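Enquirer: This is the structure I want to talk about, given as structure tokens.
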Amino acid sequence: MTVILAEHEVEVIAQFADHVIVIHEGEILLDGTPREVFSQVETLEKMGLRTPQVTEFAHKLKTEYGKKVKEYPVRIDEGEQFVIDTFKKKI
């Protein structure tokens, strides 16, 4: 079954969509999985669109604080694990 959802709440999209298409000024600009699309943070920002908050947080840690980010989280559960992995103390 295919369900087409037009939505502006990126957290909803990240949580429920298997495939995302971003249309800007009548053109398909991005097309892929939520991770593929929302990992294009700079491209989305240039269009005035935002990413899920957990993705934005990871991007900020990478660009402003030099943290290594292997893969951007897009859902809340991934964000939780990202924070644990990023800030865990090495014993």
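Chain lettering (A, B, ...) mirrors the order of the structure tokens, residue numbering begins at 1 for each chain separately, and ligand numbering begins at 1 in order of display.
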Can you list every residue in chain A that DSSP puts in strand (DSSP E), as a VMD selection string?
Expert: chain A and resid 20 to 24 27 to 32
Enquirer: Mind running range 47-75 of chain A against range 81-84 of chain A at 10 Å and telling me each contacting residue's nearest atom pair with the distance in Å (one decimal), counting only C-alpha atoms, chain and number ascending, as CSV?
Expert:
```
residue,atom,partner,partner_atom,distance
A:Val54,CA,A:Phe82,CA,8.8
A:Thr55,CA,A:Phe82,CA,9.9
A:Phe57,CA,A:Val83,CA,9.6
A:Ala58,CA,A:Phe82,CA,8.1
A:Val69,CA,A:Phe82,CA,8.8
A:Lys70,CA,A:Phe82,CA,9.8
A:Glu71,CA,A:Phe82,CA,9.0
A:Tyr72,CA,A:Phe82,CA,8.3
A:Pro73,CA,A:Phe82,CA,6.8
```
Enquirer: Determine, counting only C-alpha atoms, which protein, DNA and RNA residues have an atom within 7 Å of an atom of Pro52 in chain A; residues of the same chain fewer than 2 positions away are not included. Present the result as a ChimeraX atom specification.
Expert: /A:10-11,50,54-56,74
Enquirer: Find the residues near range 40-42 of chain A: any atom within 9 Å, counting only C-alpha atoms, skip ones fewer than 4 places away on the same chain, and give them as a list in words.
Expert: Leu30, Arg35, Glu36, Lys46, Met47, Leu49, Arg50, Thr51, Thr55, Glu56 and His59 of chain A
Enquirer: Any chance you could export the current selection's all heavy atoms as a compact mmCIF listing (two decimals), in the first residue's frame?
Expert:
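Output contents, as saved in selection.txt:
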```
# COMPACT_ATOMS: atom_id res chain seq x y z
N LEU A 30 15.14 17.04 -3.67
CA LEU A 30 15.72 15.91 -2.94
C LEU A 30 14.75 14.75 -2.98
O LEU A 30 13.53 14.94 -2.93
CB LEU A 30 16.00 16.29 -1.48
CG LEU A 30 17.02 17.41 -1.27
CD1 LEU A 30 17.05 17.82 0.20
CD2 LEU A 30 18.40 16.98 -1.71
N ARG A 35 16.70 9.62 6.09
CA ARG A 35 18.10 9.85 6.45
C ARG A 35 18.86 10.53 5.30
O ARG A 35 19.61 11.48 5.50
CB ARG A 35 18.81 8.56 6.82
CG ARG A 35 20.24 8.77 7.21
CD ARG A 35 20.90 7.60 7.89
NE ARG A 35 20.04 6.77 8.70
CZ ARG A 35 19.51 7.10 9.88
NH1 ARG A 35 19.75 8.27 10.39
NH2 ARG A 35 18.75 6.26 10.53
N GLU A 36 18.65 10.06 4.08
CA GLU A 36 19.33 10.65 2.92
C GLU A 36 18.91 12.11 2.73
O GLU A 36 19.76 12.98 2.48
CB GLU A 36 19.02 9.85 1.66
CG GLU A 36 19.63 8.48 1.64
CD GLU A 36 19.08 7.59 0.54
OE1 GLU A 36 17.98 7.87 0.00
OE2 GLU A 36 19.74 6.58 0.22
N LYS A 46 19.17 26.31 2.96
CA LYS A 46 19.17 27.30 1.88
C LYS A 46 17.78 27.52 1.30
O LYS A 46 17.47 28.59 0.80
CB LYS A 46 20.13 26.87 0.77
CG LYS A 46 21.58 27.04 1.13
CD LYS A 46 22.48 26.54 0.02
CE LYS A 46 23.92 26.56 0.47
NZ LYS A 46 24.82 25.97 -0.53
N MET A 47 16.94 26.48 1.38
CA MET A 47 15.57 26.58 0.88
C MET A 47 14.62 27.11 1.94
O MET A 47 13.42 27.24 1.70
CB MET A 47 15.08 25.21 0.41
CG MET A 47 15.79 24.70 -0.80
SD MET A 47 15.08 23.15 -1.38
CE MET A 47 15.27 22.10 0.04
N LEU A 49 14.02 25.46 4.73
CA LEU A 49 13.40 24.30 5.38
C LEU A 49 14.28 23.86 6.53
O LEU A 49 15.47 24.11 6.55
CB LEU A 49 13.24 23.16 4.37
CG LEU A 49 12.39 23.49 3.15
CD1 LEU A 49 12.43 22.34 2.16
CD2 LEU A 49 10.96 23.79 3.55
N ARG A 50 13.66 23.19 7.47
CA ARG A 50 14.45 22.71 8.60
C ARG A 50 14.51 21.19 8.62
O ARG A 50 13.77 20.52 7.92
CB ARG A 50 13.90 23.25 9.92
CG ARG A 50 12.56 22.74 10.33
CD ARG A 50 12.19 23.32 11.71
NE ARG A 50 11.07 22.61 12.28
CZ ARG A 50 11.16 21.47 12.96
NH1 ARG A 50 12.32 20.91 13.16
NH2 ARG A 50 10.08 20.89 13.45
N THR A 51 15.41 20.71 9.43
CA THR A 51 15.56 19.27 9.61
C THR A 51 14.97 18.91 10.97
O THR A 51 14.69 19.80 11.78
CB THR A 51 17.05 18.88 9.58
OG1 THR A 51 17.74 19.60 10.60
CG2 THR A 51 17.67 19.20 8.23
N THR A 55 18.52 15.96 14.21
CA THR A 55 19.47 16.12 13.10
C THR A 55 20.16 17.47 13.20
O THR A 55 21.38 17.57 13.02
CB THR A 55 18.73 16.00 11.75
OG1 THR A 55 17.95 14.81 11.74
CG2 THR A 55 19.72 15.99 10.59
N GLU A 56 19.39 18.49 13.48
CA GLU A 56 19.94 19.84 13.63
C GLU A 56 20.96 19.88 14.77
O GLU A 56 22.03 20.49 14.65
CB GLU A 56 18.79 20.80 13.91
CG GLU A 56 19.15 22.25 13.90
CD GLU A 56 17.92 23.12 14.10
OE1 GLU A 56 16.85 22.80 13.55
OE2 GLU A 56 18.05 24.12 14.82
N HIS A 59 24.13 18.14 13.65
CA HIS A 59 24.84 18.98 12.67
C HIS A 59 25.57 20.12 13.36
O HIS A 59 26.71 20.45 13.02
CB HIS A 59 23.83 19.52 11.64
CG HIS A 59 24.46 20.37 10.60
ND1 HIS A 59 25.28 19.85 9.63
CD2 HIS A 59 24.39 21.70 10.36
CE1 HIS A 59 25.70 20.83 8.84
NE2 HIS A 59 25.18 21.95 9.27
```
Enquirer: Choose the residue, out of A:Lys68, A:Lys62, A:Gln53, A:Arg75, that has the smallest atom-to-atom separation from Ala17 in chain A; count only C-alpha atoms.
Expert: A:Arg75
Enquirer: DSSP on the backbone: which residues in chain A end up as helix (DSSP H, G or I)? Give the answer as a ChimeraX atom specification.
Expert: /A:10-16,34-38,41-46,53-65,76-87
Enquirer: I'd like the neighbourhood of Ala6 in chain A as a ChimeraX atom specification, where a residue qualifies if any of its atoms comes within 12 Å (using only C-alpha atoms), though same-chain residues fewer than 5 positions away should be ignored.
Expert: /A:12-13,17,20-23
Enquirer: Just give me the gap between CA of Pro34 in chain A and CA of Phe16 in chain A in Å, one decimal is fine.
Expert: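 Between these atoms lies a distance of 9.2 Å.
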Enquirer: Determine the nearest neighbour of Asp18 in chain A from the options A:Asp85, A:Asp31, A:Leu44, A:Lys60, counting only C-alpha atoms.
Expert: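 Looking only at the distances to Asp18 in chain A, the closest residue turns out to be A:Asp31.
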Enquirer: Take CA of Gly48 in chain A and CA of Thr2 in chain A and report the distance between them in Å, one decimal.
Expert: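 Result for CA of Gly48 in chain A versus CA of Thr2 in chain A: 28.0 Å, one decimal.
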